[in-house]
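Colleague: Got a structure here, written out as structure tokens. Questions coming.
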Amino acid sequence: MSDDASPAASARFPDAPPTAGRPGAGFRRGDAPAAADAPPAVAPSQPGTTGSAWSPFSRARMPEAAPRRGLGHPGRVAAVTGAPPAWTPAAPVRHPDFAPSGARTAADPRPPGPDPALSWSAPPAPGGSTRPHVSFARPEGVGEAGRGDGGRGRVVAAAVSMVLGLGLVVGAATGSWLAGDAAGAGERSAYTAAAGLWHSVPVDQLFPPTVTGRGAGPGGADRTWTRIAVAPDGGCADAFDPLLRQVLAPVGCSRLLRATYTDATQSYVTTVGLLFTTADPAAMRALDTRFDKEGLARRTDLLPRPYAAPGTAAAGFGDRQRASWTVSVLTDAPVVVYAVSGWADGRTVAVPQPAAEAATTGATTAPAQAGLGNEAKGLADRVERGLRTTAASPSERPS
């Protein structure tokens, strides 16, 4: 190849001036221009120029004062033109607002790698902007003072809760005790009032002249009983068989009231008795339990005796005429209610039958067929109901 400039060279570097030495001579491969040979920078607006030499980088990446003869070293360009060096692949990337002291330069011999200046833990540059500093506020109540206040608050809250809980428990217990005491006082008052009915209530209230028993007869038939005799009040010496008297002895005998009734046809006679005891509620409950567990109300050797009033339909009503009976021990009043029934014509009965058995459907004994079990049970139930009603309101009188 000739040393003279060729058309290809001129086309490739249209603005390149001839090098020193031979006029018109171009660069040879391996040649490097000396610093003295570097032409002055030409502004793009200078007449007769094309604006810049060809470069693989766009004009936007090149400084306006960059030399046209190649890129050269960025440091040299900056020294000549005073403008910041053009970007090259070897230039380190920096945050636009960071200017940390001791930043790595292109001449830094250390190998490329992560820049500590870009770390989150790097100290901020004096006078420059920094990365955002994130911190979490301490929750309220945490720390020495907070722990103390929270602990005291929890202790106070626990104490208040305990006091309130104890108050509720004590209040409930007190209310229950008061309610129970009031109920117990009412029961004792009714029990005490019932104990004195034998002398404070007229006989017609305890043993009405006429007693109506709706559905009290066999098969649910109605019954009506008429009082034909009232025994004088007195003791219990001759009112019960000896064995029954022993069974009733624990509750005592304050007064015994008796009356004898007959049915509407005067075929049957029934004696009803009210034994007022001297026992307290506990003793009456114990006696009731014994009757229930031992079946004393069904034993034929524990029979009450009738009251045979002379000159009445019950004149011949004695121990051998007893056909059916019932005994009921009350627990809400110191009273034992009983009734015993038989035929009005004085016929005898070999084996009496308890009213609970004689009143059952299908019973075939003579007392059951005659309805004597219904007579004793029905009349005793009506008298007992009247007693309870009177004990609840002794001042009231039936209409």
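Ordered as shown in the structure tokens, chains take letters A, B, and onward, while each chain numbers its residues from 1 and ligands are numbered from 1 in the order shown.
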Which residues, written as JSON, numbers by chain, have at least one atom at most 9 Å from segment 299-301 of chain A, with only C-alpha atoms counted and residues fewer than 3 positions away on the same chain left out?
Modeller: {"A": [241, 242, 243, 244, 295, 296, 351, 352, 353, 354]}
Colleague: Could those residues be written to a file, using N, CA and C atoms, as a short mmCIF file (atom, residue, chain, number, x, y, z; two decimals), in the first residue's frame?
Modeller:
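That gives us out10.cif:
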```
data_model
loop_
_atom_site.label_atom_id
_atom_site.label_comp_id
_atom_site.auth_asym_id
_atom_site.auth_seq_id
_atom_site.Cartn_x
_atom_site.Cartn_y
_atom_site.Cartn_z
N ASP A 241 -104.60 -49.78 115.44
CA ASP A 241 -104.16 -51.08 115.91
C ASP A 241 -102.83 -50.90 116.64
N PRO A 242 -102.53 -51.78 117.57
CA PRO A 242 -101.33 -51.61 118.39
C PRO A 242 -100.04 -51.45 117.58
N LEU A 243 -99.89 -52.25 116.53
CA LEU A 243 -98.65 -52.17 115.76
C LEU A 243 -98.55 -50.83 115.04
N LEU A 244 -99.67 -50.33 114.49
CA LEU A 244 -99.64 -49.04 113.80
C LEU A 244 -99.35 -47.92 114.81
N GLY A 295 -93.30 -50.34 102.79
CA GLY A 295 -94.65 -50.71 102.36
C GLY A 295 -95.64 -50.84 103.51
N LEU A 296 -95.52 -49.95 104.50
CA LEU A 296 -96.37 -50.06 105.69
C LEU A 296 -97.83 -49.76 105.38
N VAL A 351 -110.34 -60.52 104.71
CA VAL A 351 -109.02 -59.96 104.35
C VAL A 351 -109.22 -58.57 103.75
N PRO A 352 -108.96 -57.52 104.53
CA PRO A 352 -109.05 -56.17 103.96
C PRO A 352 -108.03 -55.97 102.83
N GLN A 353 -108.30 -55.07 101.95
CA GLN A 353 -107.41 -54.79 100.82
C GLN A 353 -107.05 -53.29 100.79
N PRO A 354 -105.77 -52.97 100.66
CA PRO A 354 -105.39 -51.56 100.60
C PRO A 354 -106.14 -50.85 99.48
#
```
Colleague: Find the residues around Ala279 of chain A up to 9 Å (only C-alpha atoms counted), leave out those fewer than 4 positions away in its own chain, and share them as a ChimeraX atom specification.
Modeller: /A:250-253,283-284,334
Colleague: Could you give me the residues within segment 144-325 of chain A that DSSP places in strand (DSSP E or B), as a ChimeraX atom specification?
Modeller: /A:210-213,223-234,240,255-262,268-276,304,324-325
Colleague: Could the residues in this selection be saved with N, CA, C and O atoms as a short mmCIF file (atom, residue, chain, number, x, y, z; two decimals), in the first residue's frame?
Modeller:
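Written output follows (result.cif):
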```cif
data_model
loop_
_atom_site.label_atom_id
_atom_site.label_comp_id
_atom_site.auth_asym_id
_atom_site.auth_seq_id
_atom_site.Cartn_x
_atom_site.Cartn_y
_atom_site.Cartn_z
N THR A 210 -120.62 -31.89 103.26
CA THR A 210 -120.77 -32.63 102.01
C THR A 210 -119.47 -32.50 101.21
O THR A 210 -118.94 -31.40 101.03
N VAL A 211 -119.01 -33.62 100.73
CA VAL A 211 -117.78 -33.64 99.92
C VAL A 211 -118.11 -34.24 98.57
O VAL A 211 -118.71 -35.32 98.49
N THR A 212 -117.73 -33.52 97.54
CA THR A 212 -117.98 -33.98 96.18
C THR A 212 -116.67 -34.51 95.58
O THR A 212 -115.65 -33.82 95.60
N GLY A 213 -116.76 -35.70 95.06
CA GLY A 213 -115.59 -36.29 94.41
C GLY A 213 -115.87 -36.58 92.95
O GLY A 213 -116.42 -37.63 92.62
N ARG A 223 -118.66 -39.11 92.82
CA ARG A 223 -119.06 -39.56 94.13
C ARG A 223 -119.46 -38.35 94.97
O ARG A 223 -118.88 -37.27 94.82
N THR A 224 -120.39 -38.58 95.88
CA THR A 224 -120.79 -37.55 96.84
C THR A 224 -120.88 -38.21 98.21
O THR A 224 -121.56 -39.23 98.36
N TRP A 225 -120.22 -37.60 99.18
CA TRP A 225 -120.22 -38.16 100.53
C TRP A 225 -120.85 -37.14 101.49
O TRP A 225 -120.61 -35.94 101.39
N THR A 226 -121.60 -37.67 102.40
CA THR A 226 -122.28 -36.83 103.38
C THR A 226 -121.80 -37.20 104.78
O THR A 226 -121.75 -38.39 105.12
N ARG A 227 -121.47 -36.20 105.53
CA ARG A 227 -120.94 -36.43 106.88
C ARG A 227 -122.10 -36.84 107.81
O ARG A 227 -123.14 -36.15 107.85
N ILE A 228 -121.93 -37.94 108.55
CA ILE A 228 -122.99 -38.40 109.46
C ILE A 228 -122.55 -38.36 110.93
O ILE A 228 -123.42 -38.49 111.81
N ALA A 229 -121.24 -38.18 111.18
CA ALA A 229 -120.79 -38.13 112.59
C ALA A 229 -119.42 -37.50 112.68
O ALA A 229 -118.58 -37.66 111.76
N VAL A 230 -119.16 -36.77 113.76
CA VAL A 230 -117.85 -36.19 114.06
C VAL A 230 -117.48 -36.63 115.46
O VAL A 230 -118.24 -36.41 116.42
N ALA A 231 -116.30 -37.22 115.59
CA ALA A 231 -115.83 -37.70 116.91
C ALA A 231 -115.24 -36.53 117.68
O ALA A 231 -114.63 -35.63 117.09
N PRO A 232 -115.39 -36.53 118.99
CA PRO A 232 -114.74 -35.49 119.79
C PRO A 232 -113.24 -35.57 119.62
O PRO A 232 -112.65 -36.65 119.49
N ASP A 233 -112.60 -34.41 119.61
CA ASP A 233 -111.15 -34.43 119.47
C ASP A 233 -110.55 -35.00 120.74
O ASP A 233 -111.07 -34.83 121.84
N GLY A 234 -109.47 -35.70 120.56
CA GLY A 234 -108.85 -36.35 121.71
C GLY A 234 -107.52 -36.95 121.33
O GLY A 234 -106.88 -36.56 120.33
N PHE A 240 -105.89 -46.63 116.61
CA PHE A 240 -105.10 -47.47 115.68
C PHE A 240 -104.87 -48.84 116.30
O PHE A 240 -104.89 -49.01 117.52
N ARG A 255 -103.15 -34.13 118.53
CA ARG A 255 -104.60 -34.19 118.51
C ARG A 255 -105.06 -35.09 117.40
O ARG A 255 -104.41 -35.19 116.35
N LEU A 256 -106.18 -35.76 117.62
CA LEU A 256 -106.78 -36.63 116.60
C LEU A 256 -108.21 -36.18 116.34
O LEU A 256 -109.04 -36.11 117.25
N LEU A 257 -108.49 -35.86 115.05
CA LEU A 257 -109.82 -35.46 114.62
C LEU A 257 -110.35 -36.52 113.67
O LEU A 257 -109.65 -36.96 112.76
N ARG A 258 -111.65 -36.88 113.84
CA ARG A 258 -112.25 -37.91 112.98
C ARG A 258 -113.69 -37.54 112.64
O ARG A 258 -114.40 -36.89 113.43
N ALA A 259 -114.08 -38.02 111.45
CA ALA A 259 -115.47 -37.85 111.03
C ALA A 259 -115.82 -39.04 110.15
O ALA A 259 -114.97 -39.58 109.45
N THR A 260 -117.13 -39.44 110.17
CA THR A 260 -117.59 -40.58 109.38
C THR A 260 -118.59 -40.09 108.34
O THR A 260 -119.49 -39.30 108.64
N TYR A 261 -118.44 -40.60 107.08
CA TYR A 261 -119.28 -40.21 105.95
C TYR A 261 -119.96 -41.47 105.39
O TYR A 261 -119.50 -42.60 105.59
N THR A 262 -121.00 -41.21 104.64
CA THR A 262 -121.68 -42.28 103.91
C THR A 262 -121.87 -41.83 102.48
O THR A 262 -121.87 -40.62 102.17
N TYR A 268 -122.34 -47.61 101.91
CA TYR A 268 -120.98 -47.71 102.41
C TYR A 268 -120.76 -46.60 103.47
O TYR A 268 -121.35 -45.52 103.39
N VAL A 269 -119.87 -46.89 104.38
CA VAL A 269 -119.48 -45.90 105.39
C VAL A 269 -117.96 -45.79 105.40
O VAL A 269 -117.26 -46.78 105.17
N THR A 270 -117.49 -44.56 105.64
CA THR A 270 -116.04 -44.31 105.62
C THR A 270 -115.70 -43.33 106.73
O THR A 270 -116.33 -42.27 106.85
N THR A 271 -114.68 -43.68 107.51
CA THR A 271 -114.16 -42.78 108.55
C THR A 271 -112.87 -42.15 108.07
O THR A 271 -111.95 -42.84 107.59
N VAL A 272 -112.81 -40.81 108.21
CA VAL A 272 -111.61 -40.05 107.81
C VAL A 272 -111.01 -39.49 109.08
O VAL A 272 -111.72 -38.95 109.95
N GLY A 273 -109.66 -39.57 109.21
CA GLY A 273 -108.98 -39.05 110.40
C GLY A 273 -107.82 -38.15 110.05
O GLY A 273 -107.15 -38.31 109.02
N LEU A 274 -107.59 -37.15 110.92
CA LEU A 274 -106.45 -36.25 110.82
C LEU A 274 -105.68 -36.33 112.12
O LEU A 274 -106.16 -35.88 113.18
N LEU A 275 -104.50 -36.92 112.07
CA LEU A 275 -103.65 -37.04 113.23
C LEU A 275 -102.63 -35.89 113.21
O LEU A 275 -101.75 -35.85 112.35
N PHE A 276 -102.77 -34.93 114.12
CA PHE A 276 -101.82 -33.83 114.23
C PHE A 276 -100.69 -34.28 115.14
O PHE A 276 -100.92 -34.63 116.31
N PRO A 304 -105.95 -48.38 110.57
CA PRO A 304 -106.64 -47.45 111.46
C PRO A 304 -108.04 -47.99 111.81
O PRO A 304 -108.62 -48.76 111.05
N SER A 324 -111.30 -51.71 103.30
CA SER A 324 -110.20 -51.07 102.57
C SER A 324 -109.74 -49.83 103.36
O SER A 324 -110.51 -49.24 104.11
N TRP A 325 -108.52 -49.44 103.17
CA TRP A 325 -107.97 -48.30 103.92
C TRP A 325 -106.81 -47.64 103.16
O TRP A 325 -106.25 -48.21 102.22
#
```
Colleague: Need the shell around Arg322 of chain A: protein/DNA/RNA residues with any atom at most 6 Å away, counting only C-alpha atoms. Skip same-chain ones fewer than 3 positions apart. Format as a ChimeraX atom specification?
Modeller: /A:319,341-342
Colleague: Go ahead and dump the residues you just picked, N, CA, C and O atoms, as a JSON list (two decimals), in the first residue's frame.
Modeller:
```
[["chain", "number", "residue", "atom", "x", "y", "z"],
["A", 319, "ASP", "N", -114.12, -53.10, 113.80],
["A", 319, "ASP", "CA", -112.85, -53.57, 113.23],
["A", 319, "ASP", "C", -113.06, -54.69, 112.22],
["A", 319, "ASP", "O", -112.34, -54.75, 111.21],
["A", 341, "SER", "N", -112.85, -47.81, 105.09],
["A", 341, "SER", "CA", -114.22, -47.95, 104.59],
["A", 341, "SER", "C", -114.74, -49.37, 104.80],
["A", 341, "SER", "O", -113.96, -50.32, 104.96],
["A", 342, "GLY", "N", -116.07, -49.51, 104.76],
["A", 342, "GLY", "CA", -116.73, -50.82, 104.90],
["A", 342, "GLY", "C", -118.19, -50.72, 104.52],
["A", 342, "GLY", "O", -118.68, -49.64, 104.13]]
```
Colleague: Using only C-alpha atoms, find the one residue out of A:Ala194, A:Ala309, A:Val383, A:Ala282 that sits nearest to Pro209 of chain A.
Modeller: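 Looking only at the distances to Pro209 of chain A, the closest residue turns out to be A:Val383.
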Colleague: Could you pull out the alpha helix (DSSP H) residues of segment 210-295 of chain A, going by DSSP on the backbone, and write them as a ChimeraX atom specification?
Modeller: /A:242-248,281-294
Colleague: Looking at only C-alpha atoms, which of A:Asn374, A:Ser200, A:Thr364, A:Thr289 is the one that sits closest to Thr326 of chain A?
Modeller: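 Counting only C-alpha atoms, the residue closest to Thr326 of chain A is A:Asn374.
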Colleague: Could you tell me how far atom CA of Leu330 of chain A lies from atom CA of Arg285 of chain A, in Å and to one decimal?
Modeller: 7.9 Å
Colleague: Between A:Glu375, A:Glu357, A:Asp292, A:Asp332, which residue has the minimum interatomic distance to Thr389 of chain A, considering only C-alpha atoms?
Modeller: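 Among the listed residues, A:Asp332 lies closest to Thr389 of chain A.
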